[in-house]
Structure formats: structure tokens, C-alpha cells
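Taking it in order: structure first as C-alpha cells, then the write-up.
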Amino acid sequence: MRVKCESVPHHKTVGGFVLGAMALCLTTASLAAGQGPAPVQLGSAGTFAVLSKTGVTNVYASAIIGDVAASPITGASILLTCAEVTGTIHSVDAGGPAPCAVIDPEVLTSVVRDMESAYDDAAGRVAPDGSDLGAGEIGGLTLAPGLYKWGTGLLLSTDVTLSGGPDDVWIFQVAGTLNQASATRITLAGGATAKNIFWQVAGAVTIGTYAHFEGILLGKTVVGMNTGATVNGRLLAQTAVTLQMNSITQPAQ
């Protein structure tokens, strides 16, 4: 077993209980290829930094490293310029950003199907290592690899650290909304990699002003980034992605 402990200050609420000064320890089982659950398979969706079914809005200027697409909605819903994307913008029709958009309607049908399958895969994982940790507030915690489940929303009010090796995996199942407070950070420690961190969120996602997010975000609804927020990962949303002068970098493989 792997054990990760975090010092909990006086009167901190975790799981609905008020704790005195103590150590909060999280454990996960060892797997041959790393610790935590098996990674979620993204299929062809795993080549996109931003993928949406209903469009990508944008307040200029954002900077995206990786491919961008919207489908099945018209390419006119991708409100990014060619200069903002270091990668390829894929569109279902000629309405995509000119002159750089590539028209790929059949390919994008498969890509969206893979995104939906990845969401279902992440949502269907069972036997979590932690349920309703922090009563939905994980700000200030250090989390070991594992499967974590919340029956309501999830709040990151302060910085969060994910500590593990390069092959370790985290899956976060969130039945409600996910809100990351402004100017907070998700920090990776011990060699942890963004490509192995999966956030499956049924409700709306908000990444606060100048906050930094790590991992693959699988959103059932809208994923919204406030001004100046940054992402090392992927935004894969089944409705819209909204950007405001953001930086998004697809994770190293």
C-alpha cells in the first residue's frame, strides 16, 4: 500500500467532521504499471487540447498549444483566430476560422464519440479510494493516486497538490459542479504527470481568474475559464468551452 499523509490544522472540516490537529492519511493500492486506477482511454479525443460539441467562445487573446475542434455545431462557433492556436483547428464545415481550419466532419464524429466514451469510462469506475473527501472541499490537501468520488460539487478554495510518480493515475468523479478559486494552483509533485489525471464532472466547471489547472477535464456540460487562467491538460466538453485570455497546453505524452 502507498500512504500519503497531510497535516490537518485545528478545526478543519473533512468529510463532514471537525478534526483537531492530526494527520490525514490517504492510501491507494499498488498496481504493476503505477499506483491508482487504470488510466482513462481517450481514443482519438486524446489529440485535442480543446474539444467541444457546442462551440468555443473566446476573449482575445488566448494561446492554445494543441488541436482545437467543435462538432457537431458549425465551425463558425469556434471563436479563435489562427494565430491563437499552435496546432490544427478542426471544423465540420467551411465556417471555421479562416484560413487555417481543416474540414473534418466524419473524423470529428468519431472524435466526439471517443470523448463521450471516455467520460462514461471515468464515470463508471467503482470502488473509490475516497468518497466525499473534505465534504466537497479539497483546498489545502495533498492527494495520493487513486479514485475519488463526490456525490455533490467539488471546491478548490486554496492550492491542491497531487503527489505521485509518472505512471500513477488519479480519477476524480464529481456529480455536481467543479469550482477552482481565483489565483489558486493544482501542483504536481514527485513526477506526477497531467496526462494521468482525469476530472469527470457532471456539472459546470469554472476555473477561476489566474488559477492554474492540471489534468484532463471531461465535462458533461460547460467548461468555463476566467480571465488569465491556465491549463496544463485538455478541456473536453460535451457542451461549450468558454475562454478569456487563457493559456492551454496539452500535456506531454
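Each chain in the C-alpha cells gets a letter, A, B and so on, in the order shown; residues start at 1 in every chain, and ligands are counted from 1 in the order they appear.
Within range 140-177 of chain A, residues classed as strand (DSSP E or B) by DSSP on backbone coordinates are Thr142, Leu143, Gly146, Leu147, Tyr148, Lys149, Trp150, Leu154, Leu155, Leu156, Val160, Thr161, Leu162, Ser163, Trp170, Ile171, Phe172, Gln173 and Val174 of chain A.
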Do you know which residues are at most 10 Å from Thr54 in chain A counting only C-alpha atoms, after dropping those on the same chain fewer than 4 positions away, and could you put them as an mmCIF file with C-alpha atoms, in the first residue's frame?
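In the end it all went to out39.cif:
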```cif
data_model
loop_
_atom_site.group_PDB
_atom_site.id
_atom_site.type_symbol
_atom_site.label_atom_id
_atom_site.label_comp_id
_atom_site.auth_asym_id
_atom_site.auth_seq_id
_atom_site.Cartn_x
_atom_site.Cartn_y
_atom_site.Cartn_z
ATOM 1 C CA ALA A 70 -16.106 21.773 -32.255
ATOM 2 C CA SER A 71 -18.622 19.217 -33.508
ATOM 3 C CA PRO A 72 -21.414 18.741 -34.481
ATOM 4 C CA ILE A 73 -22.008 22.501 -34.340
ATOM 5 C CA THR A 74 -20.856 24.648 -37.250
ATOM 6 C CA GLY A 75 -17.272 25.806 -37.376
ATOM 7 C CA SER A 77 -18.884 28.651 -33.346
ATOM 8 C CA ILE A 78 -15.076 28.372 -32.909
ATOM 9 C CA THR A 221 -21.662 20.465 -19.579
ATOM 10 C CA VAL A 222 -19.870 23.816 -19.931
ATOM 11 C CA ALA A 237 -16.604 19.352 -23.014
ATOM 12 C CA GLN A 238 -19.949 17.969 -24.130
ATOM 13 C CA THR A 239 -21.361 21.491 -24.351
ATOM 14 C CA ALA A 240 -19.332 24.722 -24.616
ATOM 15 C CA VAL A 241 -15.819 25.815 -23.707
#
```
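Within 8 Å of Thr152 in chain A, once only C-alpha atoms are used and residues closer than 6 positions along the same chain are dropped, the contacting residues are Asp132, Gly136, Val174, Ala175, Gly176 and Thr177 of chain A.
The smallest atom-to-atom distance between Pro128 in chain A and any of A:Asn246, A:Cys82, A:Gly36, A:Thr206, using only C-alpha atoms, is found for A:Gly36.
One finds CA of Asn179 in chain A at 26.7 Å from CA of Asp167 in chain A.
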Inset, instruction - Identify which of the residues A:Thr209, A:Thr193, A:Thr249, A:Ser163 lies closest to Gln180 in chain A, counting only C-alpha atoms when measuring atom-to-atom distances. - result: A:Thr209
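Between CA of Ile64 in chain A and CA of Lys195 in chain A the interatomic distance comes to 16.4 Å.
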So that I can see what lies close to range 159-162 of chain A, please list as a PDB file with C-alpha atoms, in the first residue's frame the residues with an atom at most 10 Å from it, counting only C-alpha atoms and leaving out residues fewer than 3 positions away in the same chain.
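Output file part.pdb is given in full below:
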```
ATOM      1  CA  ILE A 138     -10.181  19.773  -1.047  1.00  0.00           C
ATOM      2  CA  GLY A 139      -8.291  23.064  -0.868  1.00  0.00           C
ATOM      3  CA  GLY A 140      -5.025  22.637   1.010  1.00  0.00           C
ATOM      4  CA  LEU A 141      -4.878  18.842   0.636  1.00  0.00           C
ATOM      5  CA  THR A 142      -2.183  16.610  -0.845  1.00  0.00           C
ATOM      6  CA  LEU A 143      -3.761  13.665  -2.664  1.00  0.00           C
ATOM      7  CA  ALA A 144      -2.117  10.340  -3.463  1.00  0.00           C
ATOM      8  CA  PRO A 145      -3.011   8.443  -6.646  1.00  0.00           C
ATOM      9  CA  LEU A 156     -10.759  24.013  -4.628  1.00  0.00           C
ATOM     10  CA  GLY A 165       5.108   9.062  -9.776  1.00  0.00           C
ATOM     11  CA  VAL A 169      -3.176   7.768 -12.023  1.00  0.00           C
ATOM     12  CA  TRP A 170      -5.855   9.950 -10.438  1.00  0.00           C
ATOM     13  CA  GLN A 180     -11.484  26.338  -8.614  1.00  0.00           C
ATOM     14  CA  ALA A 181     -10.982  29.634  -6.812  1.00  0.00           C
ATOM     15  CA  ALA A 183      -5.297  32.608  -8.070  1.00  0.00           C
ATOM     16  CA  THR A 184      -5.109  29.005  -6.814  1.00  0.00           C
ATOM     17  CA  ARG A 185      -2.976  26.213  -8.243  1.00  0.00           C
ATOM     18  CA  ILE A 186      -3.067  22.496  -8.735  1.00  0.00           C
ATOM     19  CA  THR A 187       0.552  21.453  -8.258  1.00  0.00           C
ATOM     20  CA  LEU A 188       2.092  18.151  -9.332  1.00  0.00           C
ATOM     21  CA  ALA A 189       4.769  16.603  -7.133  1.00  0.00           C
ATOM     22  CA  GLY A 190       7.008  13.534  -7.246  1.00  0.00           C
ATOM     23  CA  GLY A 191       6.954  13.252 -11.032  1.00  0.00           C
ATOM     24  CA  ALA A 192       3.149  13.144 -11.415  1.00  0.00           C
ATOM     25  CA  THR A 193       2.005  13.908 -14.973  1.00  0.00           C
ATOM     26  CA  ALA A 194      -1.067  15.773 -16.231  1.00  0.00           C
ATOM     27  CA  ILE A 197      -5.082  12.963 -14.121  1.00  0.00           C
ATOM     28  CA  ALA A 211      -5.864  29.980 -11.462  1.00  0.00           C
ATOM     29  CA  HIS A 212      -3.784  27.065 -12.783  1.00  0.00           C
ATOM     30  CA  PHE A 213      -5.369  23.678 -13.536  1.00  0.00           C
ATOM     31  CA  GLU A 214      -3.704  20.326 -14.238  1.00  0.00           C
TER      32      GLU A 214
END
```
Inset, instruction - Could you tell me which of A:Thr57, A:Pro37, A:Asn232, A:Ser182 comes closest to Val126 in chain A if we count only C-alpha atoms? - result: A:Pro37
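CA of Met115 in chain A lies 21.4 Å from CA of Thr86 in chain A.
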